[in-house]
Each structure stands twice: as structure tokens, then as C-alpha cells.
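Q: Quick one: this structure, given as C-alpha cells, is what I'll be asking you about.
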Amino acid sequence: MNKVTELYCRAYQRTFKVAESFFDWAEPQLLKGPGAIKELPALVKAKGVSSVLVVTDKGLMGLHLLDSLFENLEKQNIEYVVFDGVQPNPSIENIEQARRLYLRNGCNGIIAFGGGSPMDCAKAAGARIMNPNKTVSQMRGELKIRHKLPPLFAVPTTAGTGSEATLAAVVTNMQTHEKYAINDPKLRPKYAVLDPELTTGLPKGITAATGMDALTHAVEAYIGLSGTPSTDDYAEKATKLIFENLETAYNDGKNLEARENMLVASFYAGMAFTRAYVGYVHAIAHNLGGLYGTPHGLANAVILPHVLDYFGSTAYYKLARLADIVGIAGLDDTEKAIKFTEAIRQMNMSMNIPEHFDFIKEEDVPLLAERALREANPLYPVPKIMDKADCEAVIREIMG
């Protein structure tokens with residue numbers, strides 16, 4: 001890594017860390033526990049919202065997971081209109097469709113119901129509604145949103161993205177096959193519902209991938225250089241809960257205690273990374289999603305141990321602390337950190353997550369590296385900064 005480039009990245013990251021101390025980092029107001037979704041309409045009404053846009057996807061509609069929500073909205077005399085066209089990687093077109101539906105129906109609030117994709121779509125649509133002179137592409141990057149969103153209520157149905165707690169929305173440009181983030185404190189939902197009953201029907205593969213997504217959030221936030229005592233605390237709690245509950249939720253999907261603990265872990269991990277940031281795992285994963293449609297959680301799960309290997313000794317101290325928290329013993333920090341990374345590999349293996357992605361094409365490696373570094377540098381406060389050659393080498397490790 002060129003020393004001038006490295007100095008620039010570190011100066012940029014320190015500047016953002018100082019600026020963040022002036023943001024509002026209060027936790028979203030939570031409704032939590034089995035059946036909590038039924039309490040949401042009363043909260044919506046109490047916040048002065050009379051007509052909501054519900055942003056979700058066709059799969060969740062087909063499972064009738066929203067039926068109790070709709071029933072209780074009607075009881076509260078709250079009008080609603082549904083946009084269920086969100087794709088697994090929400091596109092600019094999805095966002096514009098949701099925006100038009102909101103405006104056409106005179107809505108004054110948004111409920112995001114689903115995994116990260118509906119929540120990201122709802123956030124970006126809300127930003128477009130209140131900032132009509134900025135396109136989605138013009139909001140790319142950091143602090144580009146001038147006006148706050150309409151009241152936004154987030155209902156996660158997977159325990160992974162933590163989007164109900166974060167200032168990020170990830171968008172896909174279908175023309176360029178590029179996936180990128182919009183980051184602004186105004187995107188953070190003020191209200192969230194953590195109802196484990198909404199997650200008990202998740203297939204094993206989605207349970208595994210989204211759970212490892214949450215672990216990636218916690219680990220990347222923890223080992224980065226912009227953490228604070230509060231983000232470290234959130235990340236430690238999230239990591240412990242995931243190690244204790246993810247495989248139980250995977251093997252026994254109806255276990256409400258494990259499901260609720262995973263929702264809480266995902267929320268804590270979201271609270272950690274929204275302030276302390278993620279790193280190269282996410283940067284590479286976003287671009288695998290953009291180019292190949294790779295599910296985000298699965299991409300993070302496969303990439304995480306390879307990036308931790310790249311960081312090596314620069315991350316050993318913090319990884320050893322996480323090893324202590326989850327009960328992994330070792331003679332010193334180096335041994336504990338290496339064992340922690342190996343435990344992630346073993347967790348992946350136990351849930352049938354592959355170690356490599358053989359679909360990545362060699363001719364795409366330079367483009368993937370270029371786009372990943374465009375996202376990550378200079379913003380992400382990683383322990384060790386990659387240049388393009390480093391990033392290409394890590395991607396080839398991921399290819400196996």
C-alpha cells in the first residue's frame with residue numbers, strides 16, 4: 001500500500017470518527033417479543049401517521065406474514081397501500097416504484113417489512129420522497145441526504161442485516177450491475193419491531209446466511225479502528241449471542257428463544273457497525289451481489305474468514321478478545337485469534353455454507369477489486385488497508 005494513500009485513508013477515517021460524535025446514536029424505539037407485530041399499528045397511530053406505505057416482497061405476502069399487521073392497521077383506522085415488488089437486491093427501479101406509490105396515495109409514513117432488501121428499499125424511497133431533487137445515484141456515498149425521512153417503522157423478518165438499526169441503504173444499479181451504499185443518519189429508522197414469530201418459518205439456508213451476516217457486522221465493527229466503548233459493547237454482545245444461538249436456530253427453527261436471541265444479536269450488530277463501519281468483507285460481498293446476484297449474507301459468510309486471514313496480526317488482539325467472550329481458549333492472542341477464525345469456518349461448515357465460490361470468473365477479478373476498493377477506501381477503518389493487488393489476491397483465495 002502506497003504510504004501517501006494510507007495516510008489519506010487514515011486521516012479521512014479520523015475526520016469521520018470526530019464528526020460522528022455529533023450524531024444522534026440513540027437506539028430506535030423497540031417493540032420486542034412474540035406477537036410484537038400486533039402492537040405496531042397502535043404505535044403508528046400514536047406517532048400521528050394516518051396512511052402508510054408498506055414495503056415488502058411477494059414471498060412474504062404469499063406466506064401471509066403480514067395478515068395480522070393489516071388486520072390491526074384496519075382496527076386503528078390507518079389506511080395502507082402495499083408495494084411488494086422488492087427484489088432480493090433492491091434496484092433503483094424498485095425505489096422509484098415505491099416512491100410513486102407513496103405519493104399517489106397520500107401516505108405520511110412507511111413500514112418496512114422483511115429482510116434487508118425491503119428495509120433498504122424503504123429507506124431509499126423515503127429519502128427520495130423528501131429529497132425530490134436528488135436521484136438515488138446522487139445520494140450514493142456519505143451524508144448526501146438533506147431532509148429527514150417520513151416516519152419509518154422497520155420490521156425485520158430475518159436475523160441478519162440489522163438494517164432496522166443502521167444509517168445505510170444498499171442499492172443495485174441494474175444497468176451497470178453495481179451495488180453500492182447510501183450512508184446518512186437520516187436513514188436510521190426511529191422505530192423497530194423484533195418479533196421472533198415472524199422468523200420461525202425461515203428456511204435453514206436463509207437462517208444460516210443471515211446469521212453469519214450479523215456475525216460479520218459485529219466482527220468487522222469490532223476489529224476496525226473507529227470503534228467506541230458503546231460499539232465494542234454491542235459487538236461483543238452480538239458475537240456471544242450468535243455463537244450461542246445461531247446453530248440452535250438453524251437446527252430447530254421453531255425455537256422461539258433462539259430466534260429472539262438472534263434478532264437481538266442482529267440488532268446489536270447493526271448498532272455496532274452503523275457507527276463503527278464494516279470493512280472489506282462487505283465491500284467484496286456487495287460487488288459479488290451486484291455482478292452475480294450472490295445473496296449478501298451468504299457472500300459475507302464465505303468471505304469473512306478469508307479477509308480475517310489477510311488482516312493477520314493486525315487484528316489478532318481484538319479477535320482474541322472475541323475468542324475470550326465466546327469461550328475459545330489459547331496460549332496467547334495469536335492462537336486465540338486463529339482459533340476464532342477457524343471457529344467461523346467450522347460454523348459455516350456445520351450449516352452447509354461453502355468455503356469458496358467457484359463461480360467467480362478470473363476475468364472479473366480486476367473489476368471486482370476496483371469496485372470493492374472504491375467502496376471501502378478511504379471510508380472503512382479496517383485494521384490493514386488493501387491496494388488493488390491485495391484485493392485481487394483475496395478474491396482469488398475466495399475463488400479457491
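Here's how to read the names in the C-alpha cells: chain A, B, ... by the order shown, residue numbers from 1 in each chain, ligand numbers from 1 in the order shown.
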Report as number ranges by chain all protein, DNA and RNA residues lying within 12 Å of Glu93 (chain A), evaluated on only C-alpha atoms, omitting residues in the same chain fewer than 3 positions from it.

A: A: 85-87, 89-90, 96-100, 121, 124-125, 135-137, 171-175

Q: Write out as a ChimeraX atom specification which residues come within 12 Å of Ala323 (chain A) when counting only C-alpha atoms, dropping same-chain ones fewer than 3 positions away.

A: /A:219,236,239-240,243,316-320,326-344

Q: Residues at most 12 Å from Thr294 (chain A), counting only C-alpha atoms, excluding those fewer than 4 positions away in the same chain, as JSON, numbers by chain?

A: {"A": [88, 89, 177, 179, 209, 284, 285, 286, 287, 288, 289, 290, 298, 299, 300, 301, 302, 303, 357, 359, 360]}

Q: Pick from A:Val52, A:Ile395, A:Leu379, A:Leu66: nearest to Glu6 (chain A), with only C-alpha atoms counted?

A: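 Between A:Val52, A:Ile395, A:Leu379, A:Leu66, the residue approaching Glu6 (chain A) most closely is A:Leu379.
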
Q: Would you work out the distance separating CA of Met212 (chain A) from CA of Ala272 (chain A), expressed in Å to one decimal?

A: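 These two atoms are separated by 15.2 Å.
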
Q: When DSSP works through the backbone of this structure, what residues of region 175-285 of chain A end up as alpha helix (DSSP H), shown as a PyMOL selection string?

A: chain A and resi 204-223+229-251+256-276+280-285

Q: Name the residues of region 154-238 of chain A that come out as strand (DSSP E or B) in a backbone DSSP run; write them as an NGL selection string.

A: :A and (154-156 or 168-173 or 178-183 or 191-194)

Q: Do you know which residues are at most 7 Å from Lys123 (chain A) counting only C-alpha atoms, after dropping those on the same chain fewer than 3 positions away, and could you put them as a list in words?

A: Met119, Asp120, Gly126, Ala127, Ala169 and Leu187 of chain A
